[in-house]
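Let me begin by presenting the structure, written as structure tokens, before commenting on it.
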Amino acid sequence: MKTLRSLAISLAVLVFIIAWVFPILWSVLNSFKTEQDILAYPPKFFFEPTLAAYREVLFGSQSILPNVWSSFVISIGTTVLTMILAIPAAYALARLRVPGKRGAGFYILATQMLPPVGIIIPYFLVLRNIGWMDTYQGIIIIYLSFSLPFAIWLMVSYFEDIPFEMEEAAAVDGAGRLTTLWRIIIPQVKGGIAVTVVFVFLNAWNEFLFAVVLSGNTVRPVTIAMFNFVSVEQTLWAQLAAVSVIAMLPVVVLGVIAQQHIVKGLTVGAVKGGGRR
Amino acid sequence: MTARGHVKVEKVAKLHGQVAALKGVDFDIRPGEFFALLGPSGSGKSTTLRLLAGLDKPTRGRILFDGKDVTALDAQHRDVAMVFQSYALYPHMTVRQNIAFPLEMAKTPKTEMAERVEDAARKVSIQHLLDRRPGQLSGGQQQRCALARAIVRRSGLFLLDEPLSNLDAKLRLETRAELKKLQRSLGVTAVYVTHDQEEALTLADRMAVFMEGEIRQIGSPAEVFARPNSIDIAGFIGSPPMNLMKARLDNGTPVLAGRPLPLRVKQQAGEIVVGVRPSAITIGEEGMPARVDLVENLGDNAIFDLSFDGGLVRARGPDPLAFAEGQQVAISFDAKDIHLFDAASGHRLEAA
Ligand SMILES: Nc1ncnc2c1ncn2[C@@H]1O[C@H](COP(=O)(O)OP(=O)(O)OP(=O)(O)O)[C@@H](O)[C@H]1O
Ligand SMILES: [Mg+2]
């Protein structure tokens, strides 16, 4: 009975993994093929790998390196600004007994549910009027309007986990408010900050819809630049696959680096509740 | 170092919105004194301590340290040491860093800091734990770490909010004795919040008994125990609590269950309450007839629950086997052990 059940679970997990891994595998494999191999039918699983597609998308006439750069500037800029603003805001929201705190919490969640297409036109008009179309500051500020509420919402609970007595102890020990935040509070929410940084960065990195409308030829993130390889006459599948692999790389790297933090961050409540480890 | 740690609290009140946590208290703590704030839950003890620490500001009144008005001074600048009930150790720092934190805030030079941290840790015997984190310490060790963080300041005033309440019974007794020794050897003033009267009685030089946001009595434990100034305090201090029996005055003589008691008060007539501590009641052949309802054997002594025609009383006796349940006995007590209170106001009546 028991083995049957664990077998069923294993099978379900396997199906899940295949479904999840297949598109990634498709991209990775195809990025090493020639255009002819890709179009071969039945699909070839054994083929002579080539870096031609990578060479073309990185150093060819349509190099995506400037786009990768754009993506980095946008994502890092969004993340840094978000964190600078979200950390004190989440702290304040967790600590201060401000009227309308609940309302604020709801608003923050509501912004996450709003369909982006609903507000994209006003955003477009505003940016155009102030001349911020196709600029870093334009895109970053729009991303900020989503990432900031999300980051605050994510971090509030981390701050709330820290007993208020901890801050009072710091005050009695002679620490000012900023010192307390920096030396006592922040180190205890490191896990939460790591998790938030990862999410905010990835959201900005992966964003597509706003980028389509608000970017242009100067600022053109990778997600948009992929369309360089799709035209009316033909689709360059290998190059497209190579670009998507390149676009996935930072996600994978960040995931691996932050994995420990993320797991720790997600279990921080349990660890603290345990008292003794 | 002359007489550091004098605390004066003048007419201090604290309102939380409509709730009066503290209705106006006055007291004076002498340098080097161990001063306990004792009272039931919600009576305003912690509120008072927080006002002393500067964590809260009083709604009214003044607080003076060594003659200096500190009412408006923030906790950060008051230079008092405090031990929290939860210890409030910084979990991301080692014990050493925890203890050093107040010194770091005071910009103490590195070498002096290291010395003082070692010194403080030695005083509470945790010098071997300096490189651990609070999460890796037992409850008692955490408590010591919190104490060391307070000691290291060399502040003249220690504030402690139920510092022993998270320890198990045995450890609590040990630590209690050590705490007193430590306070003596450091020569600091200690303000100690507790709702455990035994703790207050054993530790304090003087204590303030809090009830409903007011101080009802201030004095040495012996004074408060010997002469509680109201029915409430008589019933609160002492374990088991004082027996309180309804009686009346007849020409200035208290009459209990039809029998005149051998003392007089100035007041002539009225309803009163007679109080006698369980340890002051003698069970024997002479006195008022009573019946033993229950014997609580405590090993080397016992509590006897007795009923007599004046009501129920509890008496403490040395021999648990001296009397059996159901036995007919007689109870008596000395005039000097009788406390009298006005039934209406609750105030103590002095024997004339
Ligand atoms: N922040 C606050 N807001 C509203 N009321 C408060 C606040 N802090 C304390 N009080 C109230 O003030 C009163 C005194 O509280 P305090 O914490 O001083 O009691 P305590 O004597 O320390 O009791 P305990 O032994 O339970 O710790 C209580 O009735 C409490 O509910
Ligand atoms: Mg309290």
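For the structure tokens, the naming scheme is as follows: chains receive sequential letters (A, B, ...) according to their order of presentation, residues are indexed from 1 within each chain, and ligands are indexed from 1 in presentation order.
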Checklist line | 8 Å shell around ligand 2 using only C-alpha atoms and all ligand atoms, listed as a count of residues only | finding: 10
Given a cut-off of 7 Å, which residues of chain A touch chain B, counting only C-alpha atoms, written out as a JSON list (two decimals) with C-alpha atoms, in the first residue's frame?
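Final output, saved to selection.json:
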```
[["chain", "number", "residue", "atom", "x", "y", "z"],
["A", 165, "GLU", "CA", 11.73, 44.64, 23.27],
["A", 166, "MET", "CA", 14.79, 44.08, 21.10],
["A", 168, "GLU", "CA", 13.95, 48.93, 23.43],
["A", 169, "ALA", "CA", 16.99, 47.05, 24.66],
["A", 171, "ALA", "CA", 17.68, 52.13, 22.97],
["A", 172, "VAL", "CA", 18.59, 51.53, 26.59],
["A", 173, "ASP", "CA", 22.02, 50.39, 25.41],
["A", 174, "GLY", "CA", 22.46, 53.83, 23.89],
["A", 175, "ALA", "CA", 21.66, 53.18, 20.23],
["A", 176, "GLY", "CA", 19.75, 55.78, 18.21],
["A", 184, "ILE", "CA", 19.94, 45.27, 15.30],
["A", 187, "PRO", "CA", 20.81, 41.84, 10.31],
["A", 188, "GLN", "CA", 17.84, 39.92, 11.61],
["A", 275, "GLY", "CA", 14.57, 29.39, 20.42],
["A", 276, "ARG", "CA", 17.41, 26.93, 20.88],
["A", 277, "ARG", "CA", 18.82, 25.42, 17.80]]
```
Contacts of Ala241 (chain A) at 7 Å or less, counting only C-alpha atoms, minus same-chain residues fewer than 4 places along, as number ranges by chain? A: 27-28, 30-31, 237, 245
Return as a VMD selection string the full set of residues in region 37-272 of chain A whose backbone-based DSSP assignment is alpha helix (DSSP H). chain A and resid 37 to 39 52 to 59 65 to 95 101 to 113 120 to 129 136 to 160 164 to 172 177 to 179 190 to 206 209 to 214 222 to 225 237 to 272
Selection: 9 Å around Ala330 (chain B), only C-alpha atoms, excl. self and same-chain fewer than 5 positions, as a PDB file with N, CA, C and O atoms, in the first residue's frame:
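Written output follows (part.pdb):
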```pdb
ATOM      1  N   THR B 282      -2.428  30.033  67.153  1.00  0.00           N
ATOM      2  CA  THR B 282      -2.009  28.859  67.912  1.00  0.00           C
ATOM      3  C   THR B 282      -3.179  27.889  68.004  1.00  0.00           C
ATOM      4  O   THR B 282      -4.298  28.281  68.335  1.00  0.00           O
ATOM      5  N   ILE B 283      -2.906  26.630  67.671  1.00  0.00           N
ATOM      6  CA  ILE B 283      -3.936  25.605  67.805  1.00  0.00           C
ATOM      7  C   ILE B 283      -3.629  24.824  69.079  1.00  0.00           C
ATOM      8  O   ILE B 283      -2.486  24.402  69.284  1.00  0.00           O
ATOM      9  N   GLY B 284      -4.639  24.667  69.930  1.00  0.00           N
ATOM     10  CA  GLY B 284      -4.384  23.929  71.170  1.00  0.00           C
ATOM     11  C   GLY B 284      -5.680  23.656  71.891  1.00  0.00           C
ATOM     12  O   GLY B 284      -6.713  23.402  71.257  1.00  0.00           O
ATOM     13  N   GLU B 285      -5.603  23.733  73.215  1.00  0.00           N
ATOM     14  CA  GLU B 285      -6.793  23.419  74.000  1.00  0.00           C
ATOM     15  C   GLU B 285      -7.552  24.676  74.400  1.00  0.00           C
ATOM     16  O   GLU B 285      -8.737  24.632  74.652  1.00  0.00           O
ATOM     17  N   GLU B 286      -6.802  25.832  74.463  1.00  0.00           N
ATOM     18  CA  GLU B 286      -7.450  27.035  74.962  1.00  0.00           C
ATOM     19  C   GLU B 286      -7.798  27.979  73.822  1.00  0.00           C
ATOM     20  O   GLU B 286      -7.076  28.063  72.844  1.00  0.00           O
ATOM     21  N   GLY B 287      -8.901  28.719  74.004  1.00  0.00           N
ATOM     22  CA  GLY B 287      -9.303  29.711  73.025  1.00  0.00           C
ATOM     23  C   GLY B 287     -10.674  29.410  72.465  1.00  0.00           C
ATOM     24  O   GLY B 287     -11.519  28.800  73.125  1.00  0.00           O
ATOM     25  N   MET B 288     -10.829  29.846  71.198  1.00  0.00           N
ATOM     26  CA  MET B 288     -12.135  29.660  70.585  1.00  0.00           C
ATOM     27  C   MET B 288     -12.217  28.255  70.004  1.00  0.00           C
ATOM     28  O   MET B 288     -11.293  27.802  69.329  1.00  0.00           O
ATOM     29  N   PRO B 289     -13.341  27.559  70.258  1.00  0.00           N
ATOM     30  CA  PRO B 289     -13.458  26.206  69.719  1.00  0.00           C
ATOM     31  C   PRO B 289     -13.500  26.223  68.190  1.00  0.00           C
ATOM     32  O   PRO B 289     -14.112  27.108  67.591  1.00  0.00           O
ATOM     33  N   ALA B 290     -12.809  25.268  67.613  1.00  0.00           N
ATOM     34  CA  ALA B 290     -12.746  25.194  66.153  1.00  0.00           C
ATOM     35  C   ALA B 290     -12.614  23.737  65.734  1.00  0.00           C
ATOM     36  O   ALA B 290     -12.330  22.858  66.550  1.00  0.00           O
ATOM     37  N   ARG B 291     -12.809  23.526  64.432  1.00  0.00           N
ATOM     38  CA  ARG B 291     -12.739  22.161  63.912  1.00  0.00           C
ATOM     39  C   ARG B 291     -11.733  22.155  62.765  1.00  0.00           C
ATOM     40  O   ARG B 291     -11.694  23.080  61.949  1.00  0.00           O
ATOM     41  N   PHE B 308     -14.508  28.013  62.605  1.00  0.00           N
ATOM     42  CA  PHE B 308     -15.007  28.335  63.945  1.00  0.00           C
ATOM     43  C   PHE B 308     -16.201  29.255  63.760  1.00  0.00           C
ATOM     44  O   PHE B 308     -16.580  29.571  62.616  1.00  0.00           O
TER      45      PHE B 308
END
```
| Near region 142-150 of chain A, within 8 Å and counting only C-alpha atoms, which residues show up once chain neighbours fewer than 4 positions away are dropped, as an NGL selection string? | :A and (78 or 81-83 or 85-86 or 108-109 or 111-112 or 123 or 138 or 154 or 200 or 203-204)
For the selection you just gave me, I'd like the residues written to a file as a CSV table (one decimal), in the first residue's frame, keeping N, CA and C atoms.
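Just written: again.csv:
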```csv
chain,number,residue,atom,x,y,z
A,78,THR,N,16.1,49.0,-10.5
A,78,THR,CA,14.8,48.8,-9.9
A,78,THR,C,15.0,48.2,-8.5
A,81,LEU,N,16.7,50.7,-5.9
A,81,LEU,CA,15.8,51.8,-5.5
A,81,LEU,C,14.7,51.2,-4.6
A,82,THR,N,14.2,50.0,-5.1
A,82,THR,CA,13.1,49.4,-4.3
A,82,THR,C,13.5,49.1,-2.9
A,83,MET,N,14.7,48.5,-2.7
A,83,MET,CA,15.1,48.1,-1.4
A,83,MET,C,15.4,49.4,-0.5
A,85,LEU,N,13.9,52.1,-0.6
A,85,LEU,CA,12.6,52.7,-0.1
A,85,LEU,C,11.8,51.6,0.7
A,86,ALA,N,11.9,50.4,0.3
A,86,ALA,CA,11.0,49.4,0.9
A,86,ALA,C,11.5,49.0,2.3
A,108,ILE,N,-1.8,47.6,-1.0
A,108,ILE,CA,-0.5,47.0,-1.5
A,108,ILE,C,-0.9,45.7,-2.2
A,109,LEU,N,-1.7,44.9,-1.6
A,109,LEU,CA,-2.1,43.6,-2.3
A,109,LEU,C,-2.9,43.9,-3.6
A,111,THR,N,-2.7,46.3,-5.6
A,111,THR,CA,-1.8,46.7,-6.8
A,111,THR,C,-1.3,45.5,-7.5
A,112,GLN,N,-1.1,44.4,-6.7
A,112,GLN,CA,-0.6,43.2,-7.3
A,112,GLN,C,-1.6,42.5,-8.1
A,123,TYR,N,0.2,55.3,-18.1
A,123,TYR,CA,1.7,55.3,-17.9
A,123,TYR,C,2.4,55.8,-19.1
A,138,GLY,N,12.6,56.2,-16.9
A,138,GLY,CA,11.1,56.0,-17.2
A,138,GLY,C,10.7,54.6,-16.8
A,154,LEU,N,6.1,42.0,1.3
A,154,LEU,CA,6.9,40.8,1.6
A,154,LEU,C,7.7,41.0,2.8
A,200,VAL,N,12.4,40.8,-6.6
A,200,VAL,CA,12.2,42.1,-7.3
A,200,VAL,C,13.1,42.1,-8.6
A,203,ASN,N,11.6,39.8,-11.2
A,203,ASN,CA,10.4,40.4,-11.8
A,203,ASN,C,10.8,41.5,-12.9
A,204,ALA,N,11.8,42.3,-12.5
A,204,ALA,CA,12.2,43.3,-13.4
A,204,ALA,C,12.9,42.7,-14.6
```
If we count only C-alpha atoms and set the cut-off at 7 Å, which residues sit around Glu325 (chain B), ignoring sequence neighbours fewer than 3 positions away in its own chain? Please answer as an MDAnalysis selection string.
chainID B and resid 292:295
Env of region 342-347 of chain B: 12 Å cut, atoms = only C-alpha atoms, seq-sep filter 6 positions within chain, self excluded. Answer as an MDAnalysis selection string. chainID B and resid 216:217 227:235 244:249 254 265:275
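Distances here use only C-alpha atoms and all ligand atoms; by that measure, the residue among B:Thr202, B:Met211, B:Arg144, B:Glu174 closest to ligand 1 is B:Met211.
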Here CA of Tyr91 (chain A) and CA of Leu51 (chain B) stand apart by 24.4 Å
